[in-house]
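This is target_10.tsv. It holds TSV, C-alpha atoms.
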```tsv
chain	number	residue	atom	x	y	z
A	1	MET	CA	29.57	12.46	-23.52
A	2	THR	CA	30.20	8.78	-24.08
A	3	ASP	CA	27.58	6.87	-26.00
A	4	THR	CA	26.09	5.54	-22.76
A	5	ASP	CA	25.89	9.07	-21.34
A	6	GLN	CA	22.29	9.50	-22.46
A	7	GLN	CA	20.00	10.87	-19.86
A	8	ASP	CA	16.71	9.06	-20.19
A	9	THR	CA	13.71	10.03	-18.14
A	10	PHE	CA	10.87	7.81	-16.91
A	11	ARG	CA	7.33	8.49	-15.77
A	12	LEU	CA	6.59	7.51	-12.20
A	13	ASP	CA	2.90	7.28	-11.30
A	14	ALA	CA	1.70	7.83	-7.74
A	15	ILE	CA	-0.06	4.60	-6.71
A	16	GLY	CA	-1.42	5.98	-3.46
A	17	VAL	CA	-0.73	8.31	-0.58
A	18	VAL	CA	0.70	8.08	2.95
A	19	HIS	CA	-1.34	9.19	5.95
A	20	SER	CA	1.11	9.62	8.82
A	21	PRO	CA	1.48	11.48	12.12
A	22	TYR	CA	4.47	13.46	10.75
A	23	GLU	CA	3.32	16.85	9.48
A	24	THR	CA	6.66	18.22	8.27
A	25	PRO	CA	10.04	16.73	7.26
A	26	THR	CA	11.42	17.97	10.61
A	27	ASP	CA	8.82	15.87	12.48
A	28	ALA	CA	9.66	12.71	10.57
A	29	PRO	CA	12.37	10.39	11.90
A	30	HIS	CA	15.79	10.48	10.24
A	31	GLN	CA	15.81	8.17	7.18
A	32	GLY	CA	16.32	4.61	8.27
A	33	PHE	CA	15.72	5.34	11.95
A	34	ALA	CA	11.94	5.23	12.06
A	35	ASP	CA	10.22	5.06	15.39
A	36	ASP	CA	7.19	2.95	16.19
A	37	ALA	CA	4.49	5.33	14.97
A	38	GLU	CA	1.63	3.92	12.90
A	39	SER	CA	0.79	5.18	9.42
A	40	GLU	CA	-1.77	4.27	6.81
A	41	LEU	CA	-1.05	3.54	3.17
A	42	GLU	CA	-4.03	4.40	0.96
A	43	ILE	CA	-3.85	2.77	-2.47
A	44	PHE	CA	-5.68	4.47	-5.34
A	45	GLU	CA	-8.62	2.55	-6.82
A	46	THR	CA	-6.77	2.02	-10.12
A	47	TYR	CA	-4.05	-0.01	-8.38
A	48	ALA	CA	-6.15	-1.79	-5.74
A	49	ASP	CA	-5.88	-5.22	-7.41
A	50	ALA	CA	-2.07	-5.07	-7.13
A	51	LEU	CA	-2.60	-5.56	-3.37
A	52	ALA	CA	-4.01	-9.09	-3.80
A	53	GLY	CA	-2.17	-11.44	-1.46
A	54	ILE	CA	-0.78	-8.67	0.78
A	55	GLU	CA	-2.52	-10.22	3.80
A	56	ASP	CA	0.23	-12.88	3.82
A	57	VAL	CA	3.06	-10.33	3.96
A	58	LEU	CA	4.51	-9.40	7.37
A	59	ARG	CA	7.05	-6.74	6.37
A	60	VAL	CA	6.91	-4.42	3.38
A	61	THR	CA	9.48	-2.19	1.71
A	62	VAL	CA	7.71	1.06	0.88
A	63	VAL	CA	8.98	3.43	-1.80
A	64	TYR	CA	7.63	6.97	-1.63
A	65	TRP	CA	8.38	10.27	-3.32
A	66	ALA	CA	9.88	12.88	-1.01
A	67	ASP	CA	7.97	15.71	-2.67
A	68	GLN	CA	9.39	18.36	-0.33
A	69	ALA	CA	12.99	17.44	-1.15
A	70	ASP	CA	15.37	19.64	-3.12
A	71	ARG	CA	16.39	17.47	-6.05
A	72	SER	CA	19.02	19.93	-7.25
A	73	GLU	CA	21.01	19.68	-4.00
A	74	TRP	CA	23.44	16.78	-4.44
A	75	VAL	CA	26.30	17.62	-2.09
A	76	GLY	CA	25.88	18.42	1.62
A	77	ASP	CA	27.71	21.16	3.52
A	78	ASP	CA	30.13	18.46	4.71
A	79	GLY	CA	31.08	17.61	1.11
A	80	VAL	CA	29.31	14.23	1.15
A	81	GLY	CA	27.27	13.52	-1.98
A	82	ALA	CA	23.67	12.32	-2.19
A	83	PHE	CA	24.67	8.78	-3.23
A	84	ALA	CA	26.75	8.40	-0.04
A	85	ARG	CA	23.98	9.61	2.31
A	86	ARG	CA	20.28	8.91	2.94
A	87	SER	CA	19.12	12.54	2.69
A	88	PRO	CA	15.88	13.02	0.69
A	89	ASN	CA	17.73	15.77	-1.23
A	90	ARG	CA	18.95	13.79	-4.24
A	91	PRO	CA	18.52	13.75	-8.03
A	92	ASN	CA	15.52	11.39	-7.72
A	93	PRO	CA	13.95	11.90	-4.28
A	94	LEU	CA	12.88	8.28	-3.74
A	95	ASN	CA	12.79	7.27	-0.10
A	96	ILE	CA	12.81	3.61	0.86
A	97	CYS	CA	11.60	2.34	4.23
A	98	THR	CA	10.87	-1.18	5.46
A	99	CYS	CA	8.03	-1.41	7.95
A	100	THR	CA	5.70	-3.88	9.66
A	101	VAL	CA	2.21	-4.62	8.32
A	102	LEU	CA	-0.43	-4.38	11.05
A	103	GLU	CA	-3.68	-4.65	9.10
A	104	THR	CA	-4.79	-4.68	5.47
A	105	ASP	CA	-8.02	-4.28	3.56
A	106	SER	CA	-8.81	-3.91	-0.13
A	107	ARG	CA	-7.28	-0.43	-0.47
A	108	ARG	CA	-5.60	0.38	2.81
A	109	MET	CA	-2.71	-0.92	4.89
A	110	ARG	CA	-1.88	0.06	8.43
A	111	VAL	CA	1.89	-0.14	9.05
A	112	ARG	CA	4.32	0.52	11.89
A	113	GLY	CA	7.74	2.17	11.46
A	114	LEU	CA	7.29	4.24	8.30
A	115	ASP	CA	9.33	7.49	8.22
A	116	ALA	CA	7.21	9.33	5.61
A	117	VAL	CA	5.66	12.78	6.03
A	118	ASP	CA	1.85	12.91	5.87
A	119	GLY	CA	0.66	13.23	2.28
A	120	SER	CA	3.78	11.70	0.69
A	121	PRO	CA	2.98	10.09	-2.67
A	122	LEU	CA	3.45	6.31	-2.71
A	123	VAL	CA	5.20	4.83	-5.71
A	124	ASP	CA	5.77	1.18	-4.79
A	125	ILE	CA	5.22	-1.48	-2.14
A	126	LYS	CA	7.17	-4.75	-2.12
A	127	PRO	CA	7.32	-7.64	0.31
A	128	ALA	CA	10.58	-7.11	2.23
A	129	ILE	CA	13.24	-9.70	1.49
A	130	GLN	CA	15.38	-11.09	4.29
A	131	ALA	CA	18.19	-8.62	3.63
A	132	GLU	CA	15.83	-5.68	4.16
A	133	ARG	CA	14.18	-6.83	7.38
B	134	MET	CA	-12.67	9.29	-6.64
B	135	THR	CA	-12.01	10.68	-3.18
B	136	ASP	CA	-10.14	13.95	-2.95
B	137	THR	CA	-6.90	12.12	-2.25
B	138	ASP	CA	-7.42	9.91	-5.30
B	139	GLN	CA	-5.38	12.20	-7.52
B	140	GLN	CA	-2.88	10.44	-9.66
B	141	ASP	CA	0.24	12.58	-9.74
B	142	THR	CA	3.18	11.70	-11.91
B	143	PHE	CA	6.85	12.46	-11.32
B	144	ARG	CA	9.87	12.67	-13.59
B	145	LEU	CA	12.61	10.18	-12.84
B	146	ASP	CA	16.00	10.95	-14.39
B	147	ALA	CA	18.47	8.18	-15.19
B	148	ILE	CA	21.63	8.99	-13.20
B	149	GLY	CA	23.75	6.29	-14.83
B	150	VAL	CA	23.69	2.81	-16.30
B	151	VAL	CA	24.44	-0.74	-15.11
B	152	HIS	CA	27.06	-2.85	-16.87
B	153	SER	CA	26.42	-6.44	-15.82
B	154	PRO	CA	27.03	-10.01	-16.99
B	155	TYR	CA	23.25	-10.62	-17.33
B	156	GLU	CA	22.18	-10.09	-20.91
B	157	THR	CA	18.45	-10.80	-20.53
B	158	PRO	CA	15.93	-10.82	-17.64
B	159	THR	CA	16.05	-14.64	-17.79
B	160	ASP	CA	19.81	-14.59	-17.11
B	161	ALA	CA	19.47	-12.30	-14.10
B	162	PRO	CA	18.98	-13.85	-10.66
B	163	HIS	CA	15.48	-13.80	-9.15
B	164	GLN	CA	14.86	-10.46	-7.38
B	165	GLY	CA	16.45	-10.52	-3.97
B	166	PHE	CA	18.44	-13.67	-4.63
B	167	ALA	CA	21.45	-12.23	-6.40
B	168	ASP	CA	24.50	-14.39	-6.87
B	169	ASP	CA	28.08	-13.23	-6.48
B	170	ALA	CA	28.59	-11.81	-9.97
B	171	GLU	CA	30.32	-8.46	-10.32
B	172	SER	CA	28.74	-5.50	-12.08
B	173	GLU	CA	29.79	-1.94	-12.76
B	174	LEU	CA	27.71	1.14	-12.05
B	175	GLU	CA	28.58	3.98	-14.43
B	176	ILE	CA	27.39	7.38	-13.19
B	177	PHE	CA	26.70	10.08	-15.77
B	178	GLU	CA	29.01	13.11	-15.70
B	179	THR	CA	26.14	15.39	-14.56
B	180	TYR	CA	25.73	13.40	-11.33
B	181	ALA	CA	29.37	12.52	-10.63
B	182	ASP	CA	29.70	14.89	-7.64
B	183	ALA	CA	26.82	13.09	-5.87
B	184	LEU	CA	29.30	10.19	-5.43
B	185	ALA	CA	31.57	12.20	-3.10
B	186	GLY	CA	32.26	10.15	0.02
B	187	ILE	CA	31.20	6.83	-1.53
B	188	GLU	CA	34.66	5.38	-0.83
B	189	ASP	CA	33.63	5.05	2.84
B	190	VAL	CA	30.48	3.04	2.04
B	191	LEU	CA	30.68	-0.78	2.22
B	192	ARG	CA	27.15	-1.73	1.11
B	193	VAL	CA	24.86	0.20	-1.20
B	194	THR	CA	21.16	-0.07	-1.97
B	195	VAL	CA	20.81	0.38	-5.72
B	196	VAL	CA	17.55	1.47	-7.33
B	197	TYR	CA	17.26	0.79	-11.05
B	198	TRP	CA	14.55	0.96	-13.65
B	199	ALA	CA	13.48	-2.44	-15.01
B	200	ASP	CA	13.01	-1.10	-18.52
B	201	GLN	CA	12.01	-4.50	-19.93
B	202	ALA	CA	9.19	-4.94	-17.41
B	203	ASP	CA	5.50	-4.86	-18.27
B	204	ARG	CA	4.13	-2.07	-16.12
B	205	SER	CA	0.53	-2.83	-17.03
B	206	GLU	CA	0.72	-6.37	-15.58
B	207	TRP	CA	-0.22	-6.08	-11.90
B	208	VAL	CA	-1.59	-9.49	-11.03
B	209	GLY	CA	0.23	-12.78	-11.64
B	210	ASP	CA	-1.31	-16.01	-12.97
B	211	ASP	CA	-1.50	-17.17	-9.34
B	212	GLY	CA	-3.69	-14.19	-8.40
B	213	VAL	CA	-0.96	-12.49	-6.36
B	214	GLY	CA	-0.66	-8.74	-6.99
B	215	ALA	CA	2.49	-6.76	-7.76
B	216	PHE	CA	2.62	-5.19	-4.29
B	217	ALA	CA	2.75	-8.66	-2.70
B	218	ARG	CA	5.59	-9.95	-4.92
B	219	ARG	CA	9.02	-8.81	-6.11
B	220	SER	CA	8.34	-9.22	-9.84
B	221	PRO	CA	9.65	-6.35	-12.02
B	222	ASN	CA	6.16	-6.27	-13.63
B	223	ARG	CA	4.52	-3.55	-11.53
B	224	PRO	CA	2.99	-0.09	-11.99
B	225	ASN	CA	6.40	1.56	-11.43
B	226	PRO	CA	9.10	-0.97	-12.38
B	227	LEU	CA	11.64	0.12	-9.74
B	228	ASN	CA	13.94	-2.69	-8.65
B	229	ILE	CA	15.86	-2.41	-5.39
B	230	CYS	CA	18.97	-4.46	-4.65
B	231	THR	CA	21.54	-4.16	-1.87
B	232	CYS	CA	25.07	-5.10	-2.89
B	233	THR	CA	28.70	-4.89	-1.79
B	234	VAL	CA	31.02	-2.13	-2.99
B	235	LEU	CA	34.32	-3.51	-4.30
B	236	GLU	CA	35.96	-0.45	-5.83
B	237	THR	CA	35.03	3.16	-6.62
B	238	ASP	CA	36.42	5.98	-8.71
B	239	SER	CA	35.05	9.37	-9.70
B	240	ARG	CA	32.30	8.00	-11.97
B	241	ARG	CA	32.30	4.23	-11.59
B	242	MET	CA	31.62	1.67	-8.88
B	243	ARG	CA	32.35	-2.01	-9.05
B	244	VAL	CA	29.84	-3.99	-6.97
B	245	ARG	CA	29.10	-7.63	-6.11
B	246	GLY	CA	25.60	-9.11	-5.89
B	247	LEU	CA	23.55	-6.82	-8.11
B	248	ASP	CA	20.65	-8.56	-9.93
B	249	ALA	CA	20.24	-6.02	-12.77
B	250	VAL	CA	20.27	-6.81	-16.48
B	251	ASP	CA	23.07	-5.19	-18.52
B	252	GLY	CA	22.08	-1.70	-19.64
B	253	SER	CA	19.49	-1.11	-16.88
B	254	PRO	CA	19.08	2.60	-16.14
B	255	LEU	CA	20.22	3.59	-12.64
B	256	VAL	CA	17.96	5.94	-10.72
B	257	ASP	CA	19.45	6.02	-7.21
B	258	ILE	CA	22.26	4.76	-4.99
B	259	LYS	CA	22.05	4.96	-1.19
B	260	PRO	CA	24.31	3.66	1.57
B	261	ALA	CA	22.55	0.53	2.88
B	262	ILE	CA	21.16	0.90	6.37
B	263	GLN	CA	21.43	-1.96	8.85
B	264	ALA	CA	17.95	-3.25	8.03
B	265	GLU	CA	18.88	-3.67	4.37
B	266	ARG	CA	22.23	-5.42	4.80
```
Would you write out, as structure tokens, the structure that this file holds?
Amino acid sequence: MTDTDQQDTFRLDAIGVVHSPYETPTDAPHQGFADDAESELEIFETYADALAGIEDVLRVTVVYWADQADRSEWVGDDGVGAFARRSPNRPNPLNICTCTVLETDSRRMRVRGLDAVDGSPLVDIKPAIQAER
Amino acid sequence: MTDTDQQDTFRLDAIGVVHSPYETPTDAPHQGFADDAESELEIFETYADALAGIEDVLRVTVVYWADQADRSEWVGDDGVGAFARRSPNRPNPLNICTCTVLETDSRRMRVRGLDAVDGSPLVDIKPAIQAER
């Protein structure tokens, strides 16, 4: 162990939940290859004011927790590690997907192109920057 | 509270640490507008095998914890909420930055274009998909 080899942990709070047409991980599109299905992002009451101004955003980068992933599986059968692939099986199963905003209200957003399974916990929403579009 | 309004929490493990030329958040480039500075990603021993295959990856999307952020500050002075801006001050201070891989070894990666402050905890590394490049 070097002196920077300290393994801190952080608390991630679910800020909402995904309602999507994908019932299981097998139904959902391969990470990064989302189809045109529509999903709804429901933001919990506590975090609703963090959505202020979202009506001006056309594309969002959504971060959700892949709660059905195996976070102890870091190397695939082909020998490729989690940091060199998009698999949800990784030390911190954070999935990132950029999608199009269709409609927003005070606690809900309808989006197109999200690859999340129904019921996935939301952890962040950011306006997509050019590089992510 | 609706029945989906349950606020789960998740444990995020630091998988490494950023060594960068930016000493304070003020020094670091504005989120999403990184300059060409070089940084080093040091992966902790525990997670080193998750890097297998990284030598074939040209661009990576790095997720790091903005540990100097104020996670209770969700609305800016201009009334814009955290989910409509890229500020590190957000309920879950996860920053996402896509950068170029310059060199890799078993536990380290040298990258160009990362906007992280020196010492930021790393939480994930993914090969960048086309949309993020």
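Minimum atom-to-atom distances from B:Leu184, B:Val234, B:Val193, B:Ala161 to Pro260 (chain B) were compared using only C-alpha atoms, and the lowest value belongs to B:Val193.
Take CA of Gly212 (chain B) and CA of Ser106 (chain A): the distance between them is 14.2 Å.
Among A:Ala82, A:Ile129, A:Ala48, A:Ile15, the residue with the shortest atom-to-atom distance to Cys99 (chain A), counting all atoms listed in the file, is A:Ile129.
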Residue list for chain B near chain A as a compact mmCIF listing (two decimals) with C-alpha atoms, in the frame of the given file, 7 Å, all atoms listed in the file:
```
# COMPACT_ATOMS: atom_id res chain seq x y z
CA ASP B 138 -7.42 9.91 -5.30
CA GLN B 140 -2.88 10.44 -9.66
CA ASP B 141 0.24 12.58 -9.74
CA THR B 142 3.18 11.70 -11.91
CA PHE B 143 6.85 12.46 -11.32
CA ARG B 144 9.87 12.67 -13.59
CA LEU B 145 12.61 10.18 -12.84
CA ASP B 146 16.00 10.95 -14.39
CA ALA B 147 18.47 8.18 -15.19
CA GLY B 165 16.45 -10.52 -3.97
CA PHE B 177 26.70 10.08 -15.77
CA ASP B 182 29.70 14.89 -7.64
CA ALA B 183 26.82 13.09 -5.87
CA LEU B 184 29.30 10.19 -5.43
CA ALA B 185 31.57 12.20 -3.10
CA GLY B 186 32.26 10.15 0.02
CA ILE B 187 31.20 6.83 -1.53
CA VAL B 190 30.48 3.04 2.04
CA TRP B 207 -0.22 -6.08 -11.90
CA VAL B 208 -1.59 -9.49 -11.03
CA GLY B 212 -3.69 -14.19 -8.40
CA VAL B 213 -0.96 -12.49 -6.36
CA GLY B 214 -0.66 -8.74 -6.99
CA ALA B 215 2.49 -6.76 -7.76
CA PHE B 216 2.62 -5.19 -4.29
CA ALA B 217 2.75 -8.66 -2.70
CA ARG B 218 5.59 -9.95 -4.92
CA ARG B 219 9.02 -8.81 -6.11
CA ASN B 225 6.40 1.56 -11.43
CA VAL B 256 17.96 5.94 -10.72
CA ASP B 257 19.45 6.02 -7.21
CA ILE B 258 22.26 4.76 -4.99
CA LYS B 259 22.05 4.96 -1.19
CA PRO B 260 24.31 3.66 1.57
CA ILE B 262 21.16 0.90 6.37
CA ALA B 264 17.95 -3.25 8.03
CA GLU B 265 18.88 -3.67 4.37
CA ARG B 266 22.23 -5.42 4.80
```
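In this model, the gap between CA of Val244 (chain B) and CA of Ala170 (chain B) comes to 8.5 Å.
Interatomic distance, CA of Pro221 (chain B) to CA of Asp160 (chain B): 14.0 Å.
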_Selected residue of minimal separation from Ala199 (chain B) among B:Pro158, B:Thr233, B:His152, B:Arg243, counting all atoms listed in the file_ = B:Pro158
*asked:* Can you pull out the residues contacting Ser39 (chain A)? Cut-off 9 Å, using all atoms listed in the file, and skip same-chain residues under 4 positions away; I want them as a ChimeraX atom specification.
replied: /A:18-21,109-116,118
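The closest residue to Ser120 (chain A), picked from A:Asp105, A:Glu23, A:Asp35, A:Asp70 and counting all atoms listed in the file, is A:Glu23.
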